[in-house]
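What follows is one structure encoded as structure tokens, with my remarks underneath.
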Amino acid sequence: MITKKIISLVTLFLLIASGLSVADIRSQEQWQEEMKNENDAVILSAEAIADKNAKIIIKARKNYIDGDFDKAEKYVDEILNSSPNDTKAGELKNKILMLNEKIVVFKKAIVNDYLIELRRTVKEGNYYEGFLFNDKISKLIPSAKDSLAFARLSTECNIVMASLENEQDRKNFLESIDYFKNEKFKKASNLIYKLAQKHPKFQVFVGMGRYYALQETSIKRVNMYYKEAMKNMKKGRFGKAKDYVELGFSLQPDNIRLITLMEQINMELM
């Protein structure tokens, strides 16, 4: 009787042990399967991030080449936020930071020259060139505007306006200034010549107007050189792009777009 009980207990123990072993095996298999799924998910996630970053860097590169450094930097930062060690994004970020620092220096140097010219025009009473240089300064560094010079030029213009009795003459005068500061020199020159036929005070500006009218052709050529340089830049023909920039410099050495593009090209050639 006792023997039967012992056998029954042993049998029960073996059954329990066997059941636990099966459960352990199933638990281990389930754990391994879960780990595999997690690893697969991590791999897929890494691939997805890499694919996303590859698409973003293309956009960043395009904006960088187009000269839109702020937008390019936003795209680069988006990559670096999720992938701090991304090499391509890191390199482009460094280029943008270096270029932005150089551009600030270039702009300050150009503006300093423009301020000298602006103050010269005030002394000479040349409101045409005065408003032109004032506008150029505002486009480069708005905070660098010379308020006193602008006020004096405005006062001079008001005096001239008051001396013109004919309404059409006043209209032509205001339009001539507007054309001039927006670098539409041929239209400005034509109006200055008309005014000079009736009002001796405008005779002094006739030669200047004609000189700048000739420069308008140079401006168009510079824009053409810039576009050609950009085309070559986008195609990776940096040497050819540099040639076009240098042609532009021969006509407008203070053109900030050309200066910036030349720095970009030099970085690519390093």
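Letters A, B, ... mark the chains of the structure tokens in the order given; residue numbers begin at 1 per chain; ligand numbers begin at 1, in order shown.
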
> So which residues touch Glu91 in chain A within 12 Å, counting only C-alpha atoms, skipping near sequence neighbours fewer than 2 positions away, as a list in words?
Replying inline: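 Everything that qualifies: Ile57, Ala60, Arg61, Glu73, Val76, Asp77, Leu80, Pro84, Asn85, Asp86, Thr87, Lys88, Ala89, Lys93, Asn94, Lys95, Ile96, Leu97, Met98, Met267 and Glu268 of chain A.
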
Export of prior selection with C-alpha atoms as an mmCIF file, in the first residue's frame:
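result.cif, written as the output of this step:
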```cif
data_model
loop_
_atom_site.group_PDB
_atom_site.id
_atom_site.type_symbol
_atom_site.label_atom_id
_atom_site.label_comp_id
_atom_site.auth_asym_id
_atom_site.auth_seq_id
_atom_site.Cartn_x
_atom_site.Cartn_y
_atom_site.Cartn_z
ATOM 1 C CA ILE A 57 20.389 65.685 -47.081
ATOM 2 C CA ALA A 60 19.710 70.436 -47.637
ATOM 3 C CA ARG A 61 22.366 70.226 -50.332
ATOM 4 C CA GLU A 73 20.783 74.455 -41.939
ATOM 5 C CA VAL A 76 20.818 69.510 -41.540
ATOM 6 C CA ASP A 77 19.770 70.086 -37.929
ATOM 7 C CA LEU A 80 21.651 65.706 -36.583
ATOM 8 C CA PRO A 84 24.259 63.165 -34.263
ATOM 9 C CA ASN A 85 27.081 61.216 -35.910
ATOM 10 C CA ASP A 86 25.814 61.560 -39.488
ATOM 11 C CA THR A 87 28.992 62.455 -41.424
ATOM 12 C CA LYS A 88 27.388 64.124 -44.453
ATOM 13 C CA ALA A 89 25.124 66.285 -42.316
ATOM 14 C CA LYS A 93 26.714 72.007 -41.192
ATOM 15 C CA ASN A 94 30.375 73.049 -40.849
ATOM 16 C CA LYS A 95 30.394 74.508 -44.360
ATOM 17 C CA ILE A 96 27.264 76.543 -43.628
ATOM 18 C CA LEU A 97 28.662 77.900 -40.362
ATOM 19 C CA MET A 98 31.962 78.855 -42.006
ATOM 20 C CA MET A 267 35.189 74.947 -50.288
ATOM 21 C CA GLU A 268 34.268 72.288 -52.833
#
```

>> Residues near range 139-152 of chain A, anyone? I mean within 10 Å using only C-alpha atoms, not counting same-chain ones fewer than 2 positions away, as a ChimeraX atom specification.
In response: /A:104,106-108,110-112,115,118-123,125,127,130-131,133-137,154-158,256

> Quick one: DSSP alpha helix (DSSP H) residues in range 48-270 of chain A, as a ChimeraX atom specification?
Replying inline: /A:48-65,69-82,87-124,127-140,147-163,167-181,185-198,203-234,238-249,256-269

>> Need the shell around range 225-241 of chain A: protein/DNA/RNA residues with any atom at most 12 Å away, counting only C-alpha atoms. Skip same-chain ones fewer than 2 positions apart. Format as a ChimeraX atom specification?
In response: /A:61-67,218-223,243-252,255-270

> Given the choices A:Ser83, A:Lys198, A:Glu183, A:Ile56, which gets closest to Lys71 in chain A if the distance is worked out from only C-alpha atoms?
Replying inline: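 Of the candidates, the smallest distance to Lys71 in chain A is held by A:Ile56.
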
> Pick the closest to Asn81 in chain A from A:Asn126, A:Phe69, A:Val105, A:Ile49: which is it, counting only C-alpha atoms?
Replying inline: A:Ile49

>> Just the number, please: distance in Å from CA of Ala72 in chain A to CA of Glu47 in chain A, one decimal.
In response: 23.1 Å

> Which distance in Å separates CA of Lys242 in chain A and CA of Thr217 in chain A, to one decimal?
Replying inline: 21.6 Å
